[in-house]
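J.: Sharing input.pdb (PDB, C-alpha atoms) below.
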ATOM      1  CA  MET A   1      27.507 -55.424  -7.673  1.00  0.00           C
ATOM      2  CA  ASN A   2      30.131 -58.092  -7.139  1.00  0.00           C
ATOM      3  CA  THR A   3      33.589 -58.693  -8.498  1.00  0.00           C
ATOM      4  CA  VAL A   4      34.239 -61.808 -10.532  1.00  0.00           C
ATOM      5  CA  ASP A   5      37.998 -62.291 -10.070  1.00  0.00           C
ATOM      6  CA  SER A   6      39.346 -62.700  -6.545  1.00  0.00           C
ATOM      7  CA  ASP A   7      42.257 -60.372  -7.424  1.00  0.00           C
ATOM      8  CA  ASP A   8      39.843 -57.560  -8.258  1.00  0.00           C
ATOM      9  CA  LEU A   9      39.164 -54.548  -6.109  1.00  0.00           C
ATOM     10  CA  LEU A  10      36.195 -54.752  -3.800  1.00  0.00           C
ATOM     11  CA  PRO A  11      33.887 -51.808  -3.061  1.00  0.00           C
ATOM     12  CA  GLU A  12      34.387 -50.093   0.264  1.00  0.00           C
ATOM     13  CA  PRO A  13      32.366 -51.925   2.945  1.00  0.00           C
ATOM     14  CA  ARG A  14      29.313 -50.052   4.199  1.00  0.00           C
ATOM     15  CA  PRO A  15      28.895 -50.157   7.975  1.00  0.00           C
ATOM     16  CA  GLY A  16      25.426 -51.052   9.274  1.00  0.00           C
ATOM     17  CA  PHE A  17      25.668 -48.550  12.101  1.00  0.00           C
ATOM     18  CA  GLY A  18      28.251 -46.341  13.782  1.00  0.00           C
ATOM     19  CA  GLY A  19      31.695 -45.707  12.362  1.00  0.00           C
ATOM     20  CA  ARG A  20      32.389 -43.651   9.267  1.00  0.00           C
ATOM     21  CA  PRO A  21      29.497 -42.958   6.917  1.00  0.00           C
ATOM     22  CA  PRO A  22      29.409 -45.123   3.783  1.00  0.00           C
ATOM     23  CA  SER A  23      31.043 -43.814   0.625  1.00  0.00           C
ATOM     24  CA  LEU A  24      28.636 -42.516  -1.974  1.00  0.00           C
ATOM     25  CA  ALA A  25      31.077 -43.463  -4.753  1.00  0.00           C
ATOM     26  CA  GLU A  26      32.406 -46.966  -5.272  1.00  0.00           C
ATOM     27  CA  VAL A  27      34.276 -48.877  -7.959  1.00  0.00           C
ATOM     28  CA  THR A  28      33.630 -52.488  -8.908  1.00  0.00           C
ATOM     29  CA  THR A  29      36.142 -54.239 -11.174  1.00  0.00           C
ATOM     30  CA  VAL A  30      35.359 -57.217 -13.402  1.00  0.00           C
ATOM     31  CA  ASP A  31      37.887 -59.203 -15.440  1.00  0.00           C
ATOM     32  CA  ASP A  32      36.012 -61.360 -17.949  1.00  0.00           C
ATOM     33  CA  GLY A  33      39.211 -62.698 -19.530  1.00  0.00           C
ATOM     34  CA  GLY A  34      38.911 -60.488 -22.599  1.00  0.00           C
ATOM     35  CA  ALA A  35      38.759 -57.063 -21.006  1.00  0.00           C
ATOM     36  CA  VAL A  36      38.898 -55.503 -17.578  1.00  0.00           C
ATOM     37  CA  ARG A  37      35.993 -53.184 -16.766  1.00  0.00           C
ATOM     38  CA  HIS A  38      35.752 -50.757 -13.882  1.00  0.00           C
ATOM     39  CA  GLU A  39      32.287 -49.465 -12.987  1.00  0.00           C
ATOM     40  CA  LEU A  40      32.206 -46.291 -10.911  1.00  0.00           C
ATOM     41  CA  THR A  41      28.830 -45.767  -9.235  1.00  0.00           C
ATOM     42  CA  LEU A  42      27.907 -42.396  -7.749  1.00  0.00           C
ATOM     43  CA  ALA A  43      24.932 -42.070  -5.402  1.00  0.00           C
ATOM     44  CA  PRO A  44      23.028 -38.815  -4.866  1.00  0.00           C
ATOM     45  CA  GLY A  45      24.902 -36.619  -2.428  1.00  0.00           C
ATOM     46  CA  ALA A  46      28.359 -37.847  -3.497  1.00  0.00           C
ATOM     47  CA  THR A  47      30.993 -35.172  -3.024  1.00  0.00           C
ATOM     48  CA  ALA A  48      34.066 -34.360  -5.074  1.00  0.00           C
ATOM     49  CA  ALA A  49      36.076 -36.072  -2.321  1.00  0.00           C
ATOM     50  CA  ASP A  50      33.996 -39.282  -2.747  1.00  0.00           C
ATOM     51  CA  LEU A  51      34.557 -39.187  -6.509  1.00  0.00           C
ATOM     52  CA  THR A  52      38.290 -38.509  -6.209  1.00  0.00           C
ATOM     53  CA  THR A  53      38.776 -41.308  -3.694  1.00  0.00           C
ATOM     54  CA  ALA A  54      36.953 -43.797  -5.944  1.00  0.00           C
ATOM     55  CA  MET A  55      38.706 -42.697  -9.157  1.00  0.00           C
ATOM     56  CA  ILE A  56      42.083 -43.617  -7.629  1.00  0.00           C
ATOM     57  CA  LEU A  57      40.986 -47.254  -8.086  1.00  0.00           C
ATOM     58  CA  VAL A  58      40.510 -46.832 -11.870  1.00  0.00           C
ATOM     59  CA  PRO A  59      43.742 -47.162 -13.909  1.00  0.00           C
ATOM     60  CA  PRO A  60      44.736 -43.880 -15.603  1.00  0.00           C
ATOM     61  CA  ALA A  61      44.772 -45.455 -19.096  1.00  0.00           C
ATOM     62  CA  ALA A  62      41.234 -46.908 -18.799  1.00  0.00           C
ATOM     63  CA  SER A  63      38.749 -45.381 -21.262  1.00  0.00           C
ATOM     64  CA  LEU A  64      35.153 -44.401 -20.594  1.00  0.00           C
ATOM     65  CA  VAL A  65      33.022 -46.789 -22.692  1.00  0.00           C
ATOM     66  CA  SER A  66      29.503 -46.218 -21.343  1.00  0.00           C
ATOM     67  CA  HIS A  67      27.401 -44.507 -18.729  1.00  0.00           C
ATOM     68  CA  HIS A  68      23.939 -45.099 -17.343  1.00  0.00           C
ATOM     69  CA  GLY A  69      21.778 -44.233 -14.440  1.00  0.00           C
ATOM     70  CA  ASP A  70      18.616 -42.786 -13.066  1.00  0.00           C
ATOM     71  CA  VAL A  71      19.074 -42.207  -9.355  1.00  0.00           C
ATOM     72  CA  ASP A  72      22.639 -43.543  -9.130  1.00  0.00           C
ATOM     73  CA  VAL A  73      25.001 -42.713 -11.990  1.00  0.00           C
ATOM     74  CA  SER A  74      27.415 -45.346 -13.297  1.00  0.00           C
ATOM     75  CA  LEU A  75      30.443 -44.677 -15.463  1.00  0.00           C
ATOM     76  CA  VAL A  76      32.003 -47.764 -17.071  1.00  0.00           C
ATOM     77  CA  PHE A  77      35.701 -47.698 -17.982  1.00  0.00           C
ATOM     78  CA  ARG A  78      37.579 -50.393 -19.898  1.00  0.00           C
ATOM     79  CA  GLU A  79      41.293 -51.112 -19.800  1.00  0.00           C
ATOM     80  CA  ALA A  80      43.108 -51.571 -23.080  1.00  0.00           C
ATOM     81  CA  PRO A  81      43.887 -55.248 -23.736  1.00  0.00           C
ATOM     82  CA  VAL A  82      47.400 -56.256 -22.726  1.00  0.00           C
ATOM     83  CA  GLY A  83      49.455 -59.069 -24.219  1.00  0.00           C
ATOM     84  CA  PRO A  84      48.873 -61.470 -27.113  1.00  0.00           C
ATOM     85  CA  ASP A  85      46.146 -63.487 -25.344  1.00  0.00           C
ATOM     86  CA  ARG A  86      43.801 -60.488 -24.894  1.00  0.00           C
ATOM     87  CA  SER A  87      41.755 -59.049 -27.714  1.00  0.00           C
TER      88      SER A  87
END
Translate the structure of the given file into structure tokens.

T.:
Amino acid sequence: MNTVDSDDLLPEPRPGFGGRPPSLAEVTTVDDGGAVRHELTLAPGATAADLTTAMILVPPAASLVSHHGDVDVSLVFREAPVGPDRS
């Protein structure tokens, strides 16, 4: 997953070796000009701490609009449009 807007949040980098273990929960944000979506992806083995850390990146007013997954679970949140130019 990649972000579209350079001002968007980027997922936590995953080290190839050494260092802290990779997060099993990450948020990717996409602003398509009409709505801002935040996709939270949880991998098997994610802990409550992983989920809590990732959810901090999702605005509190964003609404859950869809979910999907098989092995990894994704929750998709959408921010309410702001201003006259957003619908």

J.: Apply the PyMOL selection byres ((chain A and resi 57) around 10) to the file shown and report the selected residues as a ChimeraX atom specification.

T.: /A:9-11,26-29,38,40,52-56,58-60

J.: Name the residues captured by the PyMOL selection byres ((chain A and resi 37) around 12) when it is applied to the shown file; answer as a PyMOL selection string.

T.: chain A and resi 3-5+8-9+27-36+38-40+57-59+61-66+75-81

J.: How far is it from CA of Leu24 in chain A to CA of Leu42 in chain A, in Å with one decimal?

T.: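 Interatomic distance here is 5.8 Å.
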
J.: Please compute the CA of Thr41 in chain A-CA of Val73 in chain A distance, one decimal, in Å.

T.: 5.6 Å

J.: Kindly compute an axis-aligned box around the listed atoms of range 26-43 of chain A, allowing 3 Å on each side, and express its centre and edge lengths in Å to one decimal as lines of an AutoDock Vina configuration file.

T.:
center_x = 32.1
center_y = -52.4
center_z = -13.9
size_x = 20.3
size_y = 26.6
size_z = 23.3

J.: Just checking: using all atoms listed in the file, which residue out of A:Asp72, A:Gly45, A:His67, A:Asp50 ends up closest to Ser23 in chain A?

T.: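 Looking at the shortest contact to Ser23 in chain A, the residue is A:Asp50.
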